[in-house]
Amino acid sequence: MVAMATTNQQDRAAVGPGIAGGLAGGVALLVLLVGTAISGVNGFLELVANGATAFVPLAVFDALLEALGPLAKGLLFTLVAAAVPLAGGLLAIALARLGRLGRTAGPSAAALAGGIALLLAELVVLPVFGQGVLGTAYRGDALALQLPIVLAALAYGIVLVGLMREAGTVAAASTVATVAGDGPGGAPAEPPTPAVAPAGEFGRRSFLGRALVAIGGASLLASGAIVVSRVASAASKPLGSASGQSPVDDFGVTPQVTPLDDFYVIGKDLVPTAVDIAGWRLAISGLVDRPAEWTLDDLAGLPRVEGYRTLQCISNDVVRYGSLIGNQWWAGVRVRDVLDAVGARPEARWVLWRSADGYTESLPVDVARDEGTWLVSEMGEPGAALPKAHGFPLRVLVAGRYGMKQPKYLTGIELAAEDEAGYWERRGWDETAAVRTYSRIDSPVESDDVPVGQAFRVYGIASAGDRGIARVEVSSDDGATWLDAELEPARPEASDLTWRRWRAEVTLPTAARAVLVARATDGAGNVQDAVVRSSLPSGATGLHRVTVTAVG
């Protein structure tokens, strides 16, 4: 029976560290999640998730976007979060096998476990996922990143050792009970081990153990709830307004100006970055004569620019209805006025953007000096600050480029002689990201019924970045013949930097299915590319088709 008791204790020890490490990892995970929630900026989990995308082949990335849409980022973040308690369990098992954990473990063991967890995070995980040793490559708030990591490692060590001490005490108590009943008539077969603590000690440690188990379990549940909430919130972000069936005016079902609540939101993170405006500064550095840190009030001293601009995501679909595009009013200052104010040096060839969420991008200096390259702090109406989801307090707008070239949460401008690949370029996306000539059909929608032998209206929008729209054509026979659509007349909300709405009168002579197609020609004479390509790496191409049925 003594041998059996020893074997049982060893079995428990083999399983115990993994469970204890997983529970301690759950506490560490909760600390990391709460730290990000408090700071409002990227933390350890977000950086690992972002870094993981660099290891995903473009074809796989494209397939995941196609299959999961906005849930793709959520799935990745969930996997990263789940890896924390798993790693905690594996580390605990390793320490136990090395004899560093047990019922006599104390503060030194807690320091060892927490220290190893911290070193793994700082010297292995962060570098592997692109943030450098000790997170030195991270361009965001270093304190907001490091403090939760240190606290999480500390919590992991303390909870792990507490659970292991309790497991060892319970195992010792079980061994004593088994040995005590092993002799004839219940007499002890051998004396109890002197090292066994008294009954009162067992009671206290048992209570502590149950409390730690409860804390670990509750942390895992709370962490799971937070992750699910973040994923659900990300999936519910506006992805543009879907086309309706009732025209809002003479040119269709899509309003000329996109309501803020319908304006699409795309970002590399699940949760928009929160920036404390009291401490925010725009740092201008590099090849400039007068490096400076500017506030919004400083920027307001430069000449103001304002107007309607259309913004489109490089992932916007073309052959199907694409909603990752919107038109709104913006206000701010020209980048060239900022560069002139700080004295950009002649050898400066590139403008490198830095953002509070760690996002990076770049532009050639001549593009940054273009009339249409702005730093904007207002959106929606005069005096209205940028919404948090759209880059508060400052973002970049670049005429003729997709949204990936227009960073949000801007904190720095660096003038440099050499280019630096941006966040998405390092993942295989196009460096220039020039907007392609684009059109879509807003109404009718797929599978609609339309009247046979009677004219009905087809509505849509077209956009070409900074080239404007010169013509839109519509076909009712899948591209065999074409007719010109009517473009919306010029109005204050429309310019070469905004989309153009259009309408066409179409008649289907027979009761049958028909395929409507639209194509645009931009102001430079470029006809919309009809070859179907995915959005990776430089924006989708093709023509939008809608199948309708003519009925009598």
# chains A, B, ... in the order shown; residues from 1 in each chain; ligands from 1
call {"tool": "residues_around", "arguments": {"residues": "region 224-236 of chain A", "least_positions_apart": "3", "cutoff": "7 Å", "atoms": "only C-alpha atoms", "output": "PyMOL selection string"}}
result
chain A and resi 70-71+74+78+220-221+270-271
call {"tool": "atom_distance", "arguments": {"atom1": "CA of Leu302 (chain A)", "atom2": "CA of Ser377 (chain A)"}}
result
12.9 Å
call {"tool": "atom_distance", "arguments": {"atom1": "CA of Ala399 (chain A)", "atom2": "CA of Leu65 (chain A)"}}
result
26.0 Å
call {"tool": "residues_around", "arguments": {"residues": "Ser362 (chain A)", "least_positions_apart": "4", "cutoff": "12 Å", "atoms": "only C-alpha atoms", "output": "PyMOL selection string"}}
result
chain A and resi 349-355+366-368+396+398+401+404-407+412-425+431-433
call {"tool": "write_last_selection", "arguments": {"atoms": "C-alpha atoms", "output": "short mmCIF file (atom, residue, chain, number, x, y, z; two decimals), in the first residue's frame"}}
result
data_model
loop_
_atom_site.label_atom_id
_atom_site.label_comp_id
_atom_site.auth_asym_id
_atom_site.auth_seq_id
_atom_site.Cartn_x
_atom_site.Cartn_y
_atom_site.Cartn_z
CA ARG A 349 13.21 61.57 -50.02
CA TRP A 350 10.64 59.77 -47.87
CA VAL A 351 8.08 60.63 -45.23
CA LEU A 352 7.72 57.86 -42.65
CA TRP A 353 4.50 57.84 -40.62
CA ARG A 354 4.33 56.57 -37.01
CA SER A 355 1.08 55.79 -35.21
CA ASP A 366 6.80 64.58 -53.60
CA VAL A 367 3.53 62.69 -52.94
CA ALA A 368 3.44 64.00 -49.37
CA VAL A 396 -3.42 61.04 -42.91
CA VAL A 398 -3.62 60.75 -49.40
CA ARG A 401 -4.33 55.84 -52.55
CA MET A 404 -3.78 51.29 -46.03
CA LYS A 405 -1.55 54.23 -47.06
CA GLN A 406 -3.44 56.65 -44.79
CA PRO A 407 -2.50 55.90 -41.15
CA GLY A 412 5.12 60.93 -35.67
CA ILE A 413 6.49 62.12 -38.99
CA GLU A 414 10.08 61.24 -39.81
CA LEU A 415 11.87 62.56 -42.87
CA ALA A 416 14.38 60.05 -44.25
CA ALA A 417 16.67 59.45 -47.20
CA GLU A 418 15.62 55.80 -47.48
CA ASP A 419 12.24 54.13 -47.55
CA GLU A 420 10.96 51.85 -44.81
CA ALA A 421 8.42 49.15 -45.66
CA GLY A 422 5.09 49.80 -44.00
CA TYR A 423 3.05 47.44 -41.84
CA TRP A 424 1.13 45.81 -44.70
CA GLU A 425 3.95 46.03 -47.24
CA GLU A 431 3.80 49.50 -51.83
CA THR A 432 2.00 52.10 -53.94
CA ALA A 433 -1.62 51.00 -53.32
#
call {"tool": "residues_around", "arguments": {"residues": "Gly217 (chain A)", "least_positions_apart": "4", "cutoff": "8 Å", "atoms": "only C-alpha atoms", "output": "number ranges by chain"}}
result
A: 23, 26, 213, 221
